[in-house]
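What follows is a single structure, written as structure tokens, with notes after it.
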Amino acid sequence: MSNHPPTLDERPPDVGELTPPDRTLMGPGPSDVHPRVLRAMSTPLVGHLDASFVQIMDEVQELLRYTFRTDNKWTIPVSGTGSASMEAAIGNLVEPGDTMLVPTNGYFGGRMRSMAERAGGDVVEVDAPWGEPLDPVEVERAFDEHQPDVFGFVHAETSTGVRQPDVPALTDIAHEHDAYVIADCVTSLGGVEMRVDEWDVDAAYSAPQKCLSCPPGASPLTLNDRAMDKVLSREEPARSWYLDLSLLEGYWGDDRAYHHTAPITNVYALREALRLVAEEGIEERWDRHRAVAGELKAGLRDLDLEMNAAEECWLPSLNAVRVPDGVDDGAVIDRLLEAYDLEVASGLGDLEGDIWRIGCMGRSASRKNVEYLLAALENALAEQGYEA
Ligand SMILES: *Cc1c(COP(=O)(O)O)cnc(C)c1O
């Protein structure tokens, strides 16, 4: 280590104008953002307690309820990315000494585990391989063995491209055992059928930058009265002050009292992104994701590429495709980015090197993007000597 004090440069840093590349975003998020959402973000600020902002808050909550298919009063955007709404759900519902059951079939079940442990919970697991959904029989077995208080599952596992089919089968098991259900809907909300009330999900969270095609920063969360009663009757306060829902209730509930400064611009953005959902219609939007991703799937089949997930648990918003023998997955990803300004992602964890992950989310779920991607991928594969 040098004893010299650091020298400060006299000149201001020479940083040029912001000119990021013009990417087509077909990875695991963020997705392409609609110009209307970007315009909403350049709208002048009002104060976070301004009467006009209170109305905007109400509108965002109403639009979130529509998108989640719920009447839950406790439906809010949490300040932060999807991990913030995730930690708000887990950190408030799991009390010290509670047992939480989490899945092992993907990356985000592992994150659930970390968050539940930090909340003081004991964690137990229900196993399934990466690339497969949870089997309700295994979930039932885990409930009988461990009697968990809280059960978390990932509706749309972004790391594996697997959609958990038959959500009511899981919520039924949990409720027969008097447990609370937390659903990770980060890669499904606004893109893949999710019905919070009808499917009896107690708490669900999401993120704006996936199927809602909104920049990250304010993340959807909803809890039913049953879940909120547990949160409001905790013996010990939640360990995070920032994400304590009993305090956030003061701001998003009837009082509208200061807790922290809402990310006003992100709330504007989310409002516009959700308005686009409402204009399209939520079911029409689910249909569009299925139709466009279906075209992607057909095009991949024409290239003799194989989907990783079984058809019954195919996730239209995140398509996991097997890397064929003899092809370097990273070289294809780099080529798509460099030559085509096109972002797709590699596999993670147990599937690293085995799959590509192609997102088809929100505004990126368009026929134009899919045809562009298929053409670019065909060329990038040909450069690797791959022939369909
Ligand atoms: C992206 C994602 C998250 C985390 O969201 P961030 O916005 O990255 O914090 C959580 N769960 C799933 C399934 C995701 O895809």
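Lettering and numbering for the structure tokens are positional, with chains as A, B, ... in the shown order, residues counted from 1 in each chain, and ligands counted from 1 in the shown order.
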
inquiry  = For the helix (DSSP H, G or I) assignment from backbone DSSP, which residues of region 136-186 of chain A qualify? Please present them as a PyMOL selection string.
reply    = chain A and resi 136-146+167-176

With 7 Å as the cut-off and only C-alpha atoms and all ligand atoms counted, what is the closest atom pair between each nearby residue of chain A and ligand 1? Distances in Å to one decimal, ordered by chain and number, as a Markdown table.
| residue | atom | partner | partner_atom_place_in_ligand_line | distance |
| --- | --- | --- | --- | --- |
| A:Pro28 | CA | ligand 1 | 15 (O) | 6.8 |
| A:Gly29 | CA | ligand 1 | 1 (C) | 6.7 |
| A:Thr81 | CA | ligand 1 | 7 (O) | 4.0 |
| A:Gly82 | CA | ligand 1 | 5 (O) | 3.5 |
| A:Ser83 | CA | ligand 1 | 9 (O) | 3.6 |
| A:Ala84 | CA | ligand 1 | 9 (O) | 6.4 |
| A:Met86 | CA | ligand 1 | 10 (C) | 6.9 |
| A:Phe108 | CA | ligand 1 | 11 (N) | 5.4 |
| A:Val154 | CA | ligand 1 | 13 (C) | 6.2 |
| A:Ala156 | CA | ligand 1 | 13 (C) | 5.9 |
| A:Glu157 | CA | ligand 1 | 13 (C) | 4.9 |
| A:Thr158 | CA | ligand 1 | 15 (O) | 4.5 |
| A:Asp184 | CA | ligand 1 | 13 (C) | 6.0 |
| A:Cys185 | CA | ligand 1 | 13 (C) | 6.6 |
| A:Val186 | CA | ligand 1 | 12 (C) | 4.9 |
| A:Thr187 | CA | ligand 1 | 15 (O) | 5.2 |
| A:Ala207 | CA | ligand 1 | 7 (O) | 5.4 |
| A:Pro216 | CA | ligand 1 | 7 (O) | 6.4 |

Same residues, N, CA and C atoms, output as a PDB file, in the first residue's frame:
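So result.pdb came out as:
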ATOM      1  N   PRO A  28     -34.082 -12.005 -20.415  1.00  0.00           N
ATOM      2  CA  PRO A  28     -34.956 -12.255 -19.258  1.00  0.00           C
ATOM      3  C   PRO A  28     -35.431 -10.969 -18.575  1.00  0.00           C
ATOM      4  N   GLY A  29     -35.373  -9.855 -19.239  1.00  0.00           N
ATOM      5  CA  GLY A  29     -35.785  -8.574 -18.696  1.00  0.00           C
ATOM      6  C   GLY A  29     -34.559  -7.731 -18.434  1.00  0.00           C
ATOM      7  N   THR A  81     -36.725  -2.685  -7.180  1.00  0.00           N
ATOM      8  CA  THR A  81     -36.938  -3.659  -8.253  1.00  0.00           C
ATOM      9  C   THR A  81     -37.748  -4.843  -7.723  1.00  0.00           C
ATOM     10  N   GLY A  82     -37.921  -5.853  -8.554  1.00  0.00           N
ATOM     11  CA  GLY A  82     -38.716  -7.017  -8.154  1.00  0.00           C
ATOM     12  C   GLY A  82     -38.239  -7.647  -6.853  1.00  0.00           C
ATOM     13  N   SER A  83     -36.944  -7.597  -6.606  1.00  0.00           N
ATOM     14  CA  SER A  83     -36.434  -8.182  -5.360  1.00  0.00           C
ATOM     15  C   SER A  83     -36.965  -7.430  -4.141  1.00  0.00           C
ATOM     16  N   ALA A  84     -37.300  -6.164  -4.304  1.00  0.00           N
ATOM     17  CA  ALA A  84     -37.866  -5.388  -3.190  1.00  0.00           C
ATOM     18  C   ALA A  84     -39.300  -5.844  -2.900  1.00  0.00           C
ATOM     19  N   MET A  86     -40.441  -8.717  -3.629  1.00  0.00           N
ATOM     20  CA  MET A  86     -40.247 -10.094  -3.156  1.00  0.00           C
ATOM     21  C   MET A  86     -39.901 -10.089  -1.661  1.00  0.00           C
ATOM     22  N   PHE A 108     -34.752 -18.670  -8.519  1.00  0.00           N
ATOM     23  CA  PHE A 108     -35.468 -17.750  -7.636  1.00  0.00           C
ATOM     24  C   PHE A 108     -36.024 -18.419  -6.377  1.00  0.00           C
ATOM     25  N   VAL A 154     -42.675 -20.265  -7.536  1.00  0.00           N
ATOM     26  CA  VAL A 154     -42.397 -19.343  -8.630  1.00  0.00           C
ATOM     27  C   VAL A 154     -43.329 -19.698  -9.789  1.00  0.00           C
ATOM     28  N   ALA A 156     -43.587 -18.260 -12.753  1.00  0.00           N
ATOM     29  CA  ALA A 156     -42.884 -18.232 -14.039  1.00  0.00           C
ATOM     30  C   ALA A 156     -41.397 -18.172 -13.731  1.00  0.00           C
ATOM     31  N   GLU A 157     -40.727 -19.312 -13.807  1.00  0.00           N
ATOM     32  CA  GLU A 157     -39.306 -19.387 -13.407  1.00  0.00           C
ATOM     33  C   GLU A 157     -38.445 -18.910 -14.574  1.00  0.00           C
ATOM     34  N   THR A 158     -37.939 -17.698 -14.432  1.00  0.00           N
ATOM     35  CA  THR A 158     -37.168 -17.042 -15.484  1.00  0.00           C
ATOM     36  C   THR A 158     -35.843 -17.759 -15.754  1.00  0.00           C
ATOM     37  N   ASP A 184     -44.421 -15.905  -6.788  1.00  0.00           N
ATOM     38  CA  ASP A 184     -43.533 -15.047  -7.568  1.00  0.00           C
ATOM     39  C   ASP A 184     -44.119 -14.964  -8.973  1.00  0.00           C
ATOM     40  N   CYS A 185     -44.633 -13.764  -9.295  1.00  0.00           N
ATOM     41  CA  CYS A 185     -45.249 -13.555 -10.616  1.00  0.00           C
ATOM     42  C   CYS A 185     -44.438 -12.563 -11.419  1.00  0.00           C
ATOM     43  N   VAL A 186     -43.143 -12.504 -11.154  1.00  0.00           N
ATOM     44  CA  VAL A 186     -42.319 -11.471 -11.786  1.00  0.00           C
ATOM     45  C   VAL A 186     -42.362 -11.604 -13.308  1.00  0.00           C
ATOM     46  N   THR A 187     -42.231 -12.823 -13.815  1.00  0.00           N
ATOM     47  CA  THR A 187     -42.191 -12.988 -15.271  1.00  0.00           C
ATOM     48  C   THR A 187     -43.543 -13.450 -15.835  1.00  0.00           C
ATOM     49  N   ALA A 207     -42.497  -7.489 -10.993  1.00  0.00           N
ATOM     50  CA  ALA A 207     -41.544  -6.421 -11.314  1.00  0.00           C
ATOM     51  C   ALA A 207     -42.047  -5.753 -12.588  1.00  0.00           C
ATOM     52  N   PRO A 216     -37.387  -0.613 -14.595  1.00  0.00           N
ATOM     53  CA  PRO A 216     -37.440  -1.077 -13.204  1.00  0.00           C
ATOM     54  C   PRO A 216     -37.489   0.096 -12.231  1.00  0.00           C
TER      55      PRO A 216
END

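Taking only C-alpha atoms into account, Leu248 (chain A) lies nearest to A:Ile76 out of the set A:Leu223, A:Ala273, A:Glu387, A:Ile76.
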
key: Pick from A:Leu49, A:Ile282, A:Ala262, A:Val162 nearest to Tyr66 (chain A), counting only C-alpha atoms   = A:Ile282

request  = Just the residues within 9 Å of Ile90 (chain A), please, counting only C-alpha atoms, with nothing from its chain fewer than 3 positions along; format it as a ChimeraX atom specification.
outcome  = /A:85-87,93-94,112,115-116,119,150,152,182

Select from region 180-257 of chain A every residue with an atom at most 10 Å from any atom of region 309-315 of chain A, then for each give the shortest pair of atoms and their distance in Å to one decimal, using only C-alpha atoms, rows by chain and rising number, as JSON lines.
{"residue": "A:Thr187", "atom": "CA", "partner": "A:Leu315", "partner_atom": "CA", "distance": 9.1}
{"residue": "A:Ser188", "atom": "CA", "partner": "A:Leu315", "partner_atom": "CA", "distance": 8.5}
{"residue": "A:Gly191", "atom": "CA", "partner": "A:Leu315", "partner_atom": "CA", "distance": 9.6}
{"residue": "A:Val192", "atom": "CA", "partner": "A:Leu315", "partner_atom": "CA", "distance": 7.8}

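Within 12 Å of Asp354 (chain A), once only C-alpha atoms are used and residues closer than 3 positions along the same chain are dropped, the contacting residues are Trp130, Gly131, Ser159, Thr160, Glu306, Met307, Asn308, Ala320, Val321, Arg322, Val323, Pro324, Asp325, Gly326, Val327, Asp328, Asp329, Gly330, Ala345, Ser346, Gly347, Leu348, Gly349, Asp350, Leu351 and Arg357 of chain A.
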
Can those selected residues be exported to a file as a compact mmCIF listing (two decimals), in the first residue's frame so that it contains N, CA, C and O atoms?
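To be explicit, this is the file written out as out.txt:
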# COMPACT_ATOMS: atom_id res chain seq x y z
N TRP A 130 -34.27 -28.59 -11.98
CA TRP A 130 -34.30 -27.36 -12.78
C TRP A 130 -34.86 -27.73 -14.16
O TRP A 130 -34.41 -28.70 -14.78
N GLY A 131 -35.85 -26.96 -14.63
CA GLY A 131 -36.44 -27.25 -15.93
C GLY A 131 -37.75 -27.99 -15.82
O GLY A 131 -38.39 -28.30 -16.82
N SER A 159 -35.34 -18.49 -14.79
CA SER A 159 -34.06 -19.17 -15.00
C SER A 159 -34.21 -20.45 -15.81
O SER A 159 -33.23 -20.93 -16.38
N THR A 160 -35.42 -20.99 -15.90
CA THR A 160 -35.60 -22.28 -16.59
C THR A 160 -36.66 -22.25 -17.69
O THR A 160 -36.80 -23.22 -18.43
N GLU A 306 -34.62 -27.36 -29.95
CA GLU A 306 -35.55 -28.02 -29.05
C GLU A 306 -35.83 -27.13 -27.84
O GLU A 306 -34.90 -26.54 -27.28
N MET A 307 -37.08 -27.06 -27.43
CA MET A 307 -37.42 -26.32 -26.22
C MET A 307 -36.99 -27.15 -25.01
O MET A 307 -37.07 -28.38 -25.03
N ASN A 308 -36.58 -26.47 -23.95
CA ASN A 308 -36.15 -27.22 -22.76
C ASN A 308 -37.34 -27.68 -21.91
O ASN A 308 -37.31 -28.75 -21.32
N ALA A 320 -36.93 -21.20 -23.05
CA ALA A 320 -35.64 -21.84 -22.84
C ALA A 320 -35.42 -22.83 -23.99
O ALA A 320 -36.21 -23.75 -24.19
N VAL A 321 -34.33 -22.60 -24.74
CA VAL A 321 -34.05 -23.39 -25.94
C VAL A 321 -32.75 -24.14 -25.72
O VAL A 321 -31.77 -23.55 -25.25
N ARG A 322 -32.72 -25.40 -26.07
CA ARG A 322 -31.50 -26.18 -25.85
C ARG A 322 -30.41 -25.80 -26.87
O ARG A 322 -30.69 -25.66 -28.07
N VAL A 323 -29.21 -25.63 -26.39
CA VAL A 323 -28.07 -25.34 -27.25
C VAL A 323 -27.68 -26.64 -27.95
O VAL A 323 -27.43 -27.64 -27.28
N PRO A 324 -27.65 -26.64 -29.31
CA PRO A 324 -27.32 -27.91 -29.98
C PRO A 324 -25.84 -28.28 -29.79
O PRO A 324 -25.01 -27.41 -29.54
N ASP A 325 -25.56 -29.57 -29.92
CA ASP A 325 -24.18 -30.06 -29.79
C ASP A 325 -23.26 -29.32 -30.76
O ASP A 325 -23.64 -29.07 -31.90
N GLY A 326 -22.08 -29.01 -30.29
CA GLY A 326 -21.07 -28.41 -31.15
C GLY A 326 -21.20 -26.91 -31.30
O GLY A 326 -20.40 -26.28 -31.99
N VAL A 327 -22.22 -26.32 -30.69
CA VAL A 327 -22.41 -24.86 -30.79
C VAL A 327 -21.99 -24.23 -29.47
O VAL A 327 -22.34 -24.72 -28.40
N ASP A 328 -21.25 -23.13 -29.55
CA ASP A 328 -20.80 -22.39 -28.37
C ASP A 328 -21.89 -21.38 -28.01
O ASP A 328 -22.11 -20.40 -28.73
N ASP A 329 -22.58 -21.62 -26.89
CA ASP A 329 -23.74 -20.77 -26.55
C ASP A 329 -23.34 -19.31 -26.37
O ASP A 329 -24.03 -18.41 -26.85
N GLY A 330 -22.19 -19.08 -25.73
CA GLY A 330 -21.76 -17.71 -25.47
C GLY A 330 -21.40 -16.97 -26.75
O GLY A 330 -21.67 -15.77 -26.89
N ALA A 345 -30.20 -14.35 -23.44
CA ALA A 345 -29.35 -14.69 -22.29
C ALA A 345 -28.98 -16.17 -22.28
O ALA A 345 -29.63 -17.00 -22.93
N SER A 346 -27.95 -16.46 -21.50
CA SER A 346 -27.51 -17.85 -21.35
C SER A 346 -28.28 -18.52 -20.21
O SER A 346 -29.08 -17.88 -19.53
N GLY A 347 -28.00 -19.79 -20.01
CA GLY A 347 -28.61 -20.52 -18.89
C GLY A 347 -27.91 -20.15 -17.59
O GLY A 347 -26.82 -19.58 -17.58
N LEU A 348 -28.56 -20.48 -16.48
CA LEU A 348 -28.01 -20.21 -15.16
C LEU A 348 -27.96 -21.53 -14.39
O LEU A 348 -28.67 -22.47 -14.73
N GLY A 349 -27.17 -21.55 -13.34
CA GLY A 349 -27.19 -22.67 -12.38
C GLY A 349 -27.06 -24.01 -13.07
O GLY A 349 -26.15 -24.23 -13.88
N ASP A 350 -27.98 -24.91 -12.77
CA ASP A 350 -27.91 -26.27 -13.31
C ASP A 350 -28.03 -26.31 -14.83
O ASP A 350 -27.74 -27.33 -15.44
N LEU A 351 -28.52 -25.22 -15.43
CA LEU A 351 -28.72 -25.22 -16.89
C LEU A 351 -27.69 -24.36 -17.63
O LEU A 351 -27.81 -24.12 -18.82
N ARG A 357 -31.89 -18.39 -23.17
CA ARG A 357 -33.17 -17.89 -22.66
C ARG A 357 -33.62 -16.71 -23.52
O ARG A 357 -32.94 -15.68 -23.58

Which of A:Arg65, A:Arg367, A:Arg239, A:Arg285 sits closest to Gly121 (chain A) [using only C-alpha atoms] = A:Arg239

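Considering the residues A:Leu232, A:Met26, A:Ala40, A:Ile56 and counting only C-alpha atoms, Trp252 (chain A) has its shortest atom-to-atom contact with A:Ile56.
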
Those of region 158-278 of chain A in DSSP strand (DSSP E), formatted as a ChimeraX atom specification = /A:162-163,180-184,203-205,217-223

For Glu338 (chain A), find every residue with an atom within 12 Å (counting only C-alpha atoms), except residues of its own chain fewer than 6 positions away, and show them as a JSON list (two decimals) with all heavy atoms, in the first residue's frame.
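Everything below was put into around-v2.json:
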[["chain", "number", "residue", "atom", "x", "y", "z"],
["A", 21, "PRO", "N", -26.44, 1.89, -26.78],
["A", 21, "PRO", "CA", -26.82, 1.26, -28.06],
["A", 21, "PRO", "C", -28.33, 1.02, -28.12],
["A", 21, "PRO", "O", -29.00, 0.97, -27.09],
["A", 21, "PRO", "CB", -26.05, -0.06, -28.03],
["A", 21, "PRO", "CG", -25.64, -0.28, -26.62],
["A", 21, "PRO", "CD", -25.60, 1.04, -25.95],
["A", 22, "ASP", "N", -28.83, 0.91, -29.33],
["A", 22, "ASP", "CA", -30.27, 0.75, -29.54],
["A", 22, "ASP", "C", -30.58, -0.75, -29.60],
["A", 22, "ASP", "O", -30.66, -1.34, -30.67],
["A", 22, "ASP", "CB", -30.64, 1.46, -30.85],
["A", 22, "ASP", "CG", -32.13, 1.46, -31.07],
["A", 22, "ASP", "OD1", -32.89, 1.15, -30.13],
["A", 22, "ASP", "OD2", -32.55, 1.80, -32.20],
["A", 23, "ARG", "N", -30.73, -1.37, -28.45],
["A", 23, "ARG", "CA", -30.91, -2.82, -28.40],
["A", 23, "ARG", "C", -32.36, -3.25, -28.63],
["A", 23, "ARG", "O", -33.28, -2.52, -28.27],
["A", 23, "ARG", "CB", -30.51, -3.36, -27.03],
["A", 23, "ARG", "CG", -29.13, -2.99, -26.56],
["A", 23, "ARG", "CD", -28.05, -3.77, -27.29],
["A", 23, "ARG", "NE", -26.80, -3.73, -26.54],
["A", 23, "ARG", "CZ", -25.60, -3.67, -27.08],
["A", 23, "ARG", "NH1", -25.45, -3.62, -28.40],
["A", 23, "ARG", "NH2", -24.52, -3.66, -26.32],
["A", 24, "THR", "N", -32.52, -4.44, -29.12],
["A", 24, "THR", "CA", -33.80, -5.13, -29.09],
["A", 24, "THR", "C", -33.70, -6.11, -27.93],
["A", 24, "THR", "O", -32.82, -6.97, -27.92],
["A", 24, "THR", "CB", -34.05, -5.87, -30.42],
["A", 24, "THR", "OG1", -34.10, -4.90, -31.46],
["A", 24, "THR", "CG2", -35.34, -6.66, -30.40],
["A", 331, "ALA", "N", -20.80, -17.69, -27.70],
["A", 331, "ALA", "CA", -20.42, -17.04, -28.96],
["A", 331, "ALA", "C", -21.66, -16.57, -29.72],
["A", 331, "ALA", "O", -21.66, -15.51, -30.35],
["A", 331, "ALA", "CB", -19.60, -18.00, -29.83],
["A", 332, "VAL", "N", -22.72, -17.36, -29.66],
["A", 332, "VAL", "CA", -23.96, -16.97, -30.35],
["A", 332, "VAL", "C", -24.56, -15.74, -29.68],
["A", 332, "VAL", "O", -24.97, -14.78, -30.35],
["A", 332, "VAL", "CB", -24.96, -18.15, -30.36],
["A", 332, "VAL", "CG1", -26.34, -17.70, -30.84],
["A", 332, "VAL", "CG2", -24.42, -19.29, -31.24],
["A", 344, "VAL", "N", -30.22, -11.68, -25.89],
["A", 344, "VAL", "CA", -30.80, -12.90, -25.32],
["A", 344, "VAL", "C", -29.83, -13.34, -24.23],
["A", 344, "VAL", "O", -28.75, -12.77, -24.10],
["A", 344, "VAL", "CB", -31.02, -14.04, -26.36],
["A", 344, "VAL", "CG1", -31.90, -13.59, -27.51],
["A", 344, "VAL", "CG2", -29.69, -14.57, -26.87],
["A", 376, "ALA", "N", -31.73, -13.55, -37.28],
["A", 376, "ALA", "CA", -30.41, -13.30, -36.70],
["A", 376, "ALA", "C", -29.82, -14.59, -36.13],
["A", 376, "ALA", "O", -28.65, -14.91, -36.31],
["A", 376, "ALA", "CB", -30.50, -12.22, -35.63],
["A", 380, "ALA", "N", -26.38, -16.50, -37.04],
["A", 380, "ALA", "CA", -25.34, -16.71, -36.01],
["A", 380, "ALA", "C", -25.02, -18.20, -35.88],
["A", 380, "ALA", "O", -23.86, -18.58, -35.68],
["A", 380, "ALA", "CB", -25.80, -16.13, -34.68]]

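Comparing A:Asn266, A:Ser246, A:Thr99, A:Gln209 by their smallest distance to Pro77 (chain A), the closest is A:Asn266 (using only C-alpha atoms).
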
inquiry  = Between CA of Val123 (chain A) and CA of Lys73 (chain A), what distance in Å does the model show, to one decimal?
reply    = 29.0 Å

query = What lies within 9 Å of Trp74 (chain A) using only C-alpha atoms, ignoring chain neighbours under 5 positions off, as number ranges by chain?
reply = A: 61, 221-225, 228, 249, 252-253
